[in-house]
Amino acid sequence: MIKKTLLTLGLSTLMAMSISANDSLMMATTTSTEDTGLLDYLAPQFEKDTGTTLKWVATGTGKALKMGENCDVDVLLVHAPSAEKKFVDEGFGVNRNEVMFNDFVIIGPVSDPAGISGKSTDDAFKEIKEKKANFLSRGDNSGTHKKELGMWEKVSKIVPEKDSWYVQTGQGMIATINMASEKSGYTLTDRGTWIKYESQKGDKNNMKIVVENDNSLFNQYSVITVNKDKCPNVKTKLASDFSNWIVKDETQKLIGDFKLLNKPLFTPNAKK
């Protein structure tokens with residue numbers, strides 16, 4: 001009887017451990033956190049610390065927010081502050097916390113056919129339009145696309161969607177950079193993804209940063225838990241565990257230490 005009880009307890013414990021090990025959290029996130037390798041770097045540590053497996057879908061921020069609205073995910077890691085705040089204000093998300101930032105940069109051919117190197121962001125967009133230089137847009141409602149649209153509207157009031165030199169790829173950032181390279185065109189990218197692209201291309205890279213270090217190009221990333229009031233099946237506790245984990249000092253240090261080509265891809269800035 002004693003042996004049977006011990007065996008039963010042993011099996012129960014193993015089953016509980018198995019269930020715990022299989023706990024998973026579904027996240028929708030931007031392509032930059034995937035393309036740079038940041039999530040592959042962080043996810044094992046999150047599982048080690050919490051016993052929860054992090055799974056994710058990498059897409060544009062607009063689609064990520066829509067996945068949250070549709071109750072397809074538990075948590076979001078995205079980078080379009082105005083759209084995020086609207087998402088929270090409309091009751092779809094709770095506990096939005098800033099996590100990290102990098103910046104956007106305009107990249108183009110090494111030859112810089114539009115002659116925009118070193119110009120301000122506004123002047124660069126004006127020159128591209130006036131000279132009808134090829135420009136590759138994500139065209140996917142991502143955080144990067146939203147930023148780009150804001151730039152066009154600021155300098156010309158009209159997004160040049162019908163102009164032949166303006167190409168909407170409908171693709172992620174790495175694919176869009178590759179297309180810009182093929183067409184000797186310009187595009188807007190976050191710096192982290194650009195560094196990843198640099199690391200992949202090496203000596204075969206024929207693109208360069210032409211505009212950078214403009215305050216208007218600041219790029220904030222935040223974590224948001226999907227609201228259980230809208231989505232009853234959301235794993236609120238696991239989502240909260242992730243939100244708390246990614247802003248703690250140890251994780252923030254991991255983010256700051258994540259580098260390629262000895263360059264940081266993101267800067268942690270969680271509010272303490």
# chains A, B, ... in the order shown; residues from 1 in each chain; ligands from 1
>>> select_by_dssp(residues="region 127-196 of chain A", states="helix (DSSP H, G or I)", output="ChimeraX atom specification")
/A:127-131,143-156,173-182,191-196
>>> atom_distance(atom1="CA of Leu25 (chain A)", atom2="CA of Lys55 (chain A)")
5.9 Å
>>> closest_residue(among="A:Val223, A:Ala64, A:Ala28, A:Ala114", to="Ala133 (chain A)", atoms="only C-alpha atoms")
A:Ala114
>>> atom_distance(atom1="CA of Asn102 (chain A)", atom2="CA of Lys263 (chain A)")
11.6 Å
